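Below is one structure; the comments refer to it alone.
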Amino acid sequence: MKIFLRLLAFLWLPGKSLRGAQRWLLRWQVVLAILLGCVTIASSMGLLGVAAYLIAAAALKPLLIALTLPIYIVRLTSVTRAISRYFERLLAHNVTFRLLASLRTWVHSRLEPLVPAQVLTYRSGDILARLVADVEELQNVYLRVVSPFIVAILISLLTSGLFATFSPVLAWTALAFLTTAGMGVPLLALTLTGGLGRQQLALRAELNAQLVDSIQGMQDMLAYGWADEQHRRITALDRALSRVQRRLAFISGLEQALNDLLMNLALWMMLILAIPPVAAKAIDGVYLAFLALVILASFEAVQPLAPALQYLGHSVAAGKRLFEVTDTPPHVAECAAPLPAPAPLHRWSDEEVCLPTGHTLEFDHVSFVYHSNEGMNEGMVLDGITFTVRSGSRVAIVGPSGAGKSTLIQLACRFWDPTMGVIRLNGQDIRRYALADLRRVIGVVTQDTYIFNDTIRGNLLLARPDASERAIAKALEQAQLAAFIAQLPDGLDTWVGEQGLRLSGGERQRLAIARVLLKDAPLLMLDEVTANLDPLTEHALLETLEGLMQGRTTLIITHRLVAMERMDEILVLDRGRIVERGTHDQLLAASGLYRQMFDVQTGTLVFP
């Protein structure tokens with residue numbers, strides 16, 4: 001019930017994406033759609049009932065003037081029914097789609113603060129199902145649950161009041177049949193469906209996740225001969241989903257059959273109960289057909305209630321899945337009173353020349369532990385890390401895989417917050433800055449920088465949407481991509497494919513570097529940018545990075561000891577701790593872990 005009430009709240013508080021006037025208009029559209037639904041069914045009742053009365057009265061051959069009013073009522077209700085039905089559907093769908101758009105935006109806005117800490121605990125296919133399919137499922141709350149229930153209540157009261165003018169017995173009988181059809185059949189259907197709605201959503205989410213995994217990992221599955229096994233898994237999920245859907249379809253058919261049975265029983269019962277008063281002259285005989293057809297038409301209001309409860313079960317389950325994600329408190333919270341944004345210490349000149357001076361980044365006794373979904377820690381990743389990257393300097397952090405190197409960048413960008421210790425930017429705790437302001441001064445290049453399925457231009461403008469053609473050309477030239485772009489038939493408008501798969505590894509890395517150049521961030525973080533590259537590509541990329549680092553505060557994360565002599569300081573990280581620090585020559589002379597790593601990579605270490 002709590003989830004349903006939260007979903008209903010979106011009718012009146014549809015989110016920040018709608019302005020005050022838009023919210024007011026949307027609420028009135030909800031009310032108007034419900035009123036038009038009532039007018040539609042009341043017009044159907046009037047059309048059938050008055051038409052029956054007109055035919056019965058005409059058989060008595062009265063004066064034509066006595067039939068004028070019923071004739072006009074029939075004409076009016078026939079037109080009113082069509083017009084009100086059209087505008088009711090128009091308004092109801094308009095309200096529903098606007099609410100869904102607002103809800104989808106709200107869910108996405110709640111997902112953003114959860115990236116990557118909490119979102120990484122979900123599979124991408126499951127997140128996609130929640131954001132798309134589960135939100136779509138909620139259209140039934142507003143379109144097929146709320147409005148039909150209100151319309152059914154109002155029409156049932158109207159019908160009962162109309163029959164009360166003829167006989168209290170007829171009124172209570174009509175109300176009993178309408179209540180049975182409107183509540184009894186839906187409750188029976190709800191009992192029969194049980195947890196089928198939740199099963200359907202869970203199976204659909206799992207199927208989506210498996211399909212996404214299959215598409216993304218198709219090459220590896222084919223290489224390892226796993227395609228047939230994956231096909232069997234997907235087939236089994238599809239069959240399970242089909243079984244649930246068949247049961248739901250059977251229950252829907254049973255609902256329709258019971259509704260038709262009750263509707264016809266109500267018609268016959270009205271005739272049976274009305275005939276004695278008609279014979280006793282208590283009710284005029286011309287109203288006999290009127291009473292029968294009015295009760296018949298009134299069932300149009302209660303028939304949608306049985307599927308409505310079924311839709312409600314699906315929608316509540318979908319809402320629960322959404323709220324499981326959106327109610328998750330983010331690990332990283334915005335500062336309530338943030339400091340002004342870090343001053344732009346460098347900029348692009350009018351001649352599109354970069355003039356950087358950098359920022360100072362300081363780690364002060366930083367420790368960090370990842371936590372699982374159950375709140376259990378997964379072991380100390382960083383333990384008492386202390387170092388400073390001064391303005392315009394270059395610091396490299398090296399060490400074996402799993403030493404915690406990449407976690408330092410995640411913490412500096414505030415994707416997570418340290419478990420203990422403080423990270424400072426220009427002497428201020430980074431938690432005192434707004435997240436957007438902090439990340440605006442940081443440029444990150446990783447070995448797996450995401451390339452969007454867009455054009456080269458679109459991927460570049462992600463960093464600086466207002467960049468001029470001259471600025472783009474300058475960034476491409478510095479990243480040594482200008483010649484490659486020039487030979488493409490569509491140039492900057494060339495599509496790079498899903499995850500940039502139409503580009504080579506080196507080209508993707510250069511595109512990522514060009515994007516960071518265009519962003520013009522004073523604080524640069526490079527995470528394994530030369531990993532998995534051949535020596536020639538690596539050498540060319542390092543030359544590009546040399547130009548990129550000029551004048552910027554640079555933090556380099558790597559396990560490959562290449563061009564380390566260019567670093568102002570090198571930190572050796574092992575098992576979350578700094579075990580050595582110094583320049584390249586100093587660390588070689590120390591004959592510690594750094595010297596061991598260097599000898600292994602250069603092939604000078606002889607194993608026994």
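We name chains A, B, ... following the order of the structure tokens; residues begin at 1 in each chain, and ligands are numbered from 1 as shown.
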
Please return, as a ChimeraX atom specification, all residues of region 396-573 of chain A that DSSP assigns to helix (DSSP H, G or I) on the basis of the backbone.
/A:405-412,430-432,435-440,456-461,469-478,482-486,491-493,498-500,505-519,535-549,564-566

Please dump the current selection as a PDB file, in the first residue's frame; keep C-alpha atoms.
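Heads up, here's the output in selection-v7.pdb:
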ATOM      1  CA  LYS A 405      46.329   2.549  -7.611  1.00  0.00           C
ATOM      2  CA  SER A 406      43.108   3.194  -9.580  1.00  0.00           C
ATOM      3  CA  THR A 407      41.178   3.671  -6.348  1.00  0.00           C
ATOM      4  CA  LEU A 408      43.144   6.879  -5.757  1.00  0.00           C
ATOM      5  CA  ILE A 409      41.613   8.431  -8.894  1.00  0.00           C
ATOM      6  CA  GLN A 410      38.135   7.227  -7.907  1.00  0.00           C
ATOM      7  CA  LEU A 411      38.560   8.960  -4.546  1.00  0.00           C
ATOM      8  CA  ALA A 412      39.969  12.161  -6.056  1.00  0.00           C
ATOM      9  CA  ILE A 430      37.296  18.226  -1.654  1.00  0.00           C
ATOM     10  CA  ARG A 431      34.078  17.307   0.194  1.00  0.00           C
ATOM     11  CA  ARG A 432      33.464  21.034   0.659  1.00  0.00           C
ATOM     12  CA  LEU A 435      30.636  17.667  -7.101  1.00  0.00           C
ATOM     13  CA  ALA A 436      30.211  19.348 -10.475  1.00  0.00           C
ATOM     14  CA  ASP A 437      32.756  22.049  -9.595  1.00  0.00           C
ATOM     15  CA  LEU A 438      35.293  19.492  -8.397  1.00  0.00           C
ATOM     16  CA  ARG A 439      34.978  17.260 -11.443  1.00  0.00           C
ATOM     17  CA  ARG A 440      35.109  20.247 -13.770  1.00  0.00           C
ATOM     18  CA  ILE A 456      33.910  11.738 -33.344  1.00  0.00           C
ATOM     19  CA  ARG A 457      32.640  15.297 -32.965  1.00  0.00           C
ATOM     20  CA  GLY A 458      29.919  14.206 -30.543  1.00  0.00           C
ATOM     21  CA  ASN A 459      32.434  12.349 -28.379  1.00  0.00           C
ATOM     22  CA  LEU A 460      34.709  15.386 -28.291  1.00  0.00           C
ATOM     23  CA  LEU A 461      31.958  17.865 -27.449  1.00  0.00           C
ATOM     24  CA  GLU A 469      36.021  24.389 -34.656  1.00  0.00           C
ATOM     25  CA  ARG A 470      39.413  25.943 -34.029  1.00  0.00           C
ATOM     26  CA  ALA A 471      39.580  24.543 -30.492  1.00  0.00           C
ATOM     27  CA  ILE A 472      38.581  21.080 -31.744  1.00  0.00           C
ATOM     28  CA  ALA A 473      41.227  21.207 -34.473  1.00  0.00           C
ATOM     29  CA  LYS A 474      43.862  22.261 -31.919  1.00  0.00           C
ATOM     30  CA  ALA A 475      42.964  19.394 -29.573  1.00  0.00           C
ATOM     31  CA  LEU A 476      43.057  16.859 -32.426  1.00  0.00           C
ATOM     32  CA  GLU A 477      46.427  18.153 -33.556  1.00  0.00           C
ATOM     33  CA  GLN A 478      47.886  17.904 -30.048  1.00  0.00           C
ATOM     34  CA  ALA A 482      44.370  15.335 -37.147  1.00  0.00           C
ATOM     35  CA  ALA A 483      45.901  13.266 -39.962  1.00  0.00           C
ATOM     36  CA  PHE A 484      43.681  10.283 -39.164  1.00  0.00           C
ATOM     37  CA  ILE A 485      40.528  12.430 -39.128  1.00  0.00           C
ATOM     38  CA  ALA A 486      41.497  14.116 -42.404  1.00  0.00           C
ATOM     39  CA  GLY A 491      35.786  13.587 -41.041  1.00  0.00           C
ATOM     40  CA  LEU A 492      34.560  14.585 -37.593  1.00  0.00           C
ATOM     41  CA  ASP A 493      31.075  13.342 -38.466  1.00  0.00           C
ATOM     42  CA  GLU A 498      29.363   0.880 -30.061  1.00  0.00           C
ATOM     43  CA  GLN A 499      32.088   1.613 -27.481  1.00  0.00           C
ATOM     44  CA  GLY A 500      34.212   3.015 -30.321  1.00  0.00           C
ATOM     45  CA  GLY A 505      42.919   0.809 -29.384  1.00  0.00           C
ATOM     46  CA  GLY A 506      45.435   3.579 -29.995  1.00  0.00           C
ATOM     47  CA  GLU A 507      42.870   5.718 -31.820  1.00  0.00           C
ATOM     48  CA  ARG A 508      40.410   5.349 -28.967  1.00  0.00           C
ATOM     49  CA  GLN A 509      43.067   6.411 -26.484  1.00  0.00           C
ATOM     50  CA  ARG A 510      44.016   9.409 -28.612  1.00  0.00           C
ATOM     51  CA  LEU A 511      40.356  10.376 -28.889  1.00  0.00           C
ATOM     52  CA  ALA A 512      40.104  10.204 -25.088  1.00  0.00           C
ATOM     53  CA  ILE A 513      43.196  12.412 -24.817  1.00  0.00           C
ATOM     54  CA  ALA A 514      41.770  14.884 -27.336  1.00  0.00           C
ATOM     55  CA  ARG A 515      38.609  15.022 -25.241  1.00  0.00           C
ATOM     56  CA  VAL A 516      40.623  15.858 -22.134  1.00  0.00           C
ATOM     57  CA  LEU A 517      42.606  18.453 -24.077  1.00  0.00           C
ATOM     58  CA  LEU A 518      39.370  20.061 -25.168  1.00  0.00           C
ATOM     59  CA  LYS A 519      38.111  20.049 -21.589  1.00  0.00           C
ATOM     60  CA  PRO A 535      55.524  -0.409 -28.348  1.00  0.00           C
ATOM     61  CA  LEU A 536      55.235   1.903 -31.371  1.00  0.00           C
ATOM     62  CA  THR A 537      51.735   3.058 -30.438  1.00  0.00           C
ATOM     63  CA  GLU A 538      52.805   3.399 -26.817  1.00  0.00           C
ATOM     64  CA  HIS A 539      55.787   5.570 -27.777  1.00  0.00           C
ATOM     65  CA  ALA A 540      53.632   7.844 -29.956  1.00  0.00           C
ATOM     66  CA  LEU A 541      51.019   8.091 -27.217  1.00  0.00           C
ATOM     67  CA  LEU A 542      53.637   9.022 -24.639  1.00  0.00           C
ATOM     68  CA  GLU A 543      54.818  11.842 -26.860  1.00  0.00           C
ATOM     69  CA  THR A 544      51.220  13.056 -27.034  1.00  0.00           C
ATOM     70  CA  LEU A 545      50.924  12.853 -23.249  1.00  0.00           C
ATOM     71  CA  GLU A 546      54.137  14.816 -22.847  1.00  0.00           C
ATOM     72  CA  GLY A 547      52.507  17.770 -24.546  1.00  0.00           C
ATOM     73  CA  LEU A 548      49.304  17.247 -22.622  1.00  0.00           C
ATOM     74  CA  MET A 549      51.082  17.378 -19.247  1.00  0.00           C
ATOM     75  CA  MET A 564      59.480   7.373 -15.410  1.00  0.00           C
ATOM     76  CA  GLU A 565      62.569   9.578 -15.621  1.00  0.00           C
ATOM     77  CA  ARG A 566      60.229  12.440 -16.626  1.00  0.00           C
TER      78      ARG A 566
END

I'd like the contact shell of region 328-335 of chain A - 7 Å cut-off, only C-alpha atoms, skipping same-chain residues fewer than 3 positions apart - returned as a PDB file with N, CA and C atoms, in the first residue's frame.
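selection06.pdb was written with the following content:
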ATOM      1  N   PRO A 113      23.692  10.034  -8.603  1.00  0.00           N
ATOM      2  CA  PRO A 113      24.561  10.063  -7.408  1.00  0.00           C
ATOM      3  C   PRO A 113      25.022   8.677  -6.964  1.00  0.00           C
ATOM      4  N   LEU A 114      24.393   7.616  -7.490  1.00  0.00           N
ATOM      5  CA  LEU A 114      24.748   6.262  -7.084  1.00  0.00           C
ATOM      6  C   LEU A 114      25.879   5.680  -7.916  1.00  0.00           C
ATOM      7  N   ALA A 117      29.381   3.652  -7.174  1.00  0.00           N
ATOM      8  CA  ALA A 117      29.430   2.825  -5.976  1.00  0.00           C
ATOM      9  C   ALA A 117      28.288   1.814  -5.897  1.00  0.00           C
ATOM     10  N   GLU A 324      13.699   0.475  -4.804  1.00  0.00           N
ATOM     11  CA  GLU A 324      14.860  -0.193  -4.225  1.00  0.00           C
ATOM     12  C   GLU A 324      16.144   0.513  -4.634  1.00  0.00           C
ATOM     13  N   VAL A 325      16.160   1.012  -5.873  1.00  0.00           N
ATOM     14  CA  VAL A 325      17.344   1.709  -6.368  1.00  0.00           C
ATOM     15  C   VAL A 325      17.330   3.173  -5.942  1.00  0.00           C
ATOM     16  N   PRO A 338      28.447  24.492  -0.181  1.00  0.00           N
ATOM     17  CA  PRO A 338      29.731  24.288  -0.859  1.00  0.00           C
ATOM     18  C   PRO A 338      30.543  25.569  -0.997  1.00  0.00           C
ATOM     19  N   ARG A 414      35.765  11.825  -6.297  1.00  0.00           N
ATOM     20  CA  ARG A 414      34.648  11.650  -5.359  1.00  0.00           C
ATOM     21  C   ARG A 414      33.572  10.711  -5.894  1.00  0.00           C
ATOM     22  N   PHE A 415      34.006   9.638  -6.549  1.00  0.00           N
ATOM     23  CA  PHE A 415      33.070   8.561  -6.828  1.00  0.00           C
ATOM     24  C   PHE A 415      32.846   7.762  -5.550  1.00  0.00           C
ATOM     25  N   TRP A 416      33.822   7.775  -4.694  1.00  0.00           N
ATOM     26  CA  TRP A 416      33.727   7.290  -3.319  1.00  0.00           C
ATOM     27  C   TRP A 416      34.374   8.333  -2.415  1.00  0.00           C
ATOM     28  N   ASP A 417      34.101   8.258  -1.136  1.00  0.00           N
ATOM     29  CA  ASP A 417      34.782   9.093  -0.145  1.00  0.00           C
ATOM     30  C   ASP A 417      35.699   8.210   0.689  1.00  0.00           C
ATOM     31  N   ARG A 431      35.481  17.511  -0.164  1.00  0.00           N
ATOM     32  CA  ARG A 431      34.078  17.307   0.194  1.00  0.00           C
ATOM     33  C   ARG A 431      33.339  18.619   0.406  1.00  0.00           C
ATOM     34  N   ARG A 432      34.092  19.724   0.482  1.00  0.00           N
ATOM     35  CA  ARG A 432      33.464  21.034   0.659  1.00  0.00           C
ATOM     36  C   ARG A 432      33.139  21.697  -0.671  1.00  0.00           C
ATOM     37  N   TYR A 433      33.568  21.090  -1.766  1.00  0.00           N
ATOM     38  CA  TYR A 433      33.220  21.608  -3.086  1.00  0.00           C
ATOM     39  C   TYR A 433      31.980  20.891  -3.619  1.00  0.00           C
ATOM     40  N   ALA A 434      31.227  21.585  -4.470  1.00  0.00           N
ATOM     41  CA  ALA A 434      30.143  20.919  -5.188  1.00  0.00           C
ATOM     42  C   ALA A 434      30.764  19.884  -6.124  1.00  0.00           C
ATOM     43  N   LEU A 435      30.085  18.753  -6.284  1.00  0.00           N
ATOM     44  CA  LEU A 435      30.636  17.667  -7.101  1.00  0.00           C
ATOM     45  C   LEU A 435      30.935  18.129  -8.518  1.00  0.00           C
TER      46      LEU A 435
END

Quick one: everything within 7 Å of region 35-41 of chain A, counting only C-alpha atoms, minus sequence neighbours fewer than 2 positions away in the same chain. Send it as an NGL selection string.
:A and (31-33 or 43-45 or 81 or 84-85 or 88 or 151 or 155 or 298 or 300-301)

Could you give me, as a ChimeraX atom specification, the residues within 12 Å of Ile283 (chain A), counting only C-alpha atoms and dropping anything in the same chain fewer than 2 positions from it?
/A:163,165-167,170,273-281,285-291

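Atom pair CA of Ala56 (chain A) / CA of Leu178 (chain A) has a distance of 26.0 Å (rounded to one decimal).
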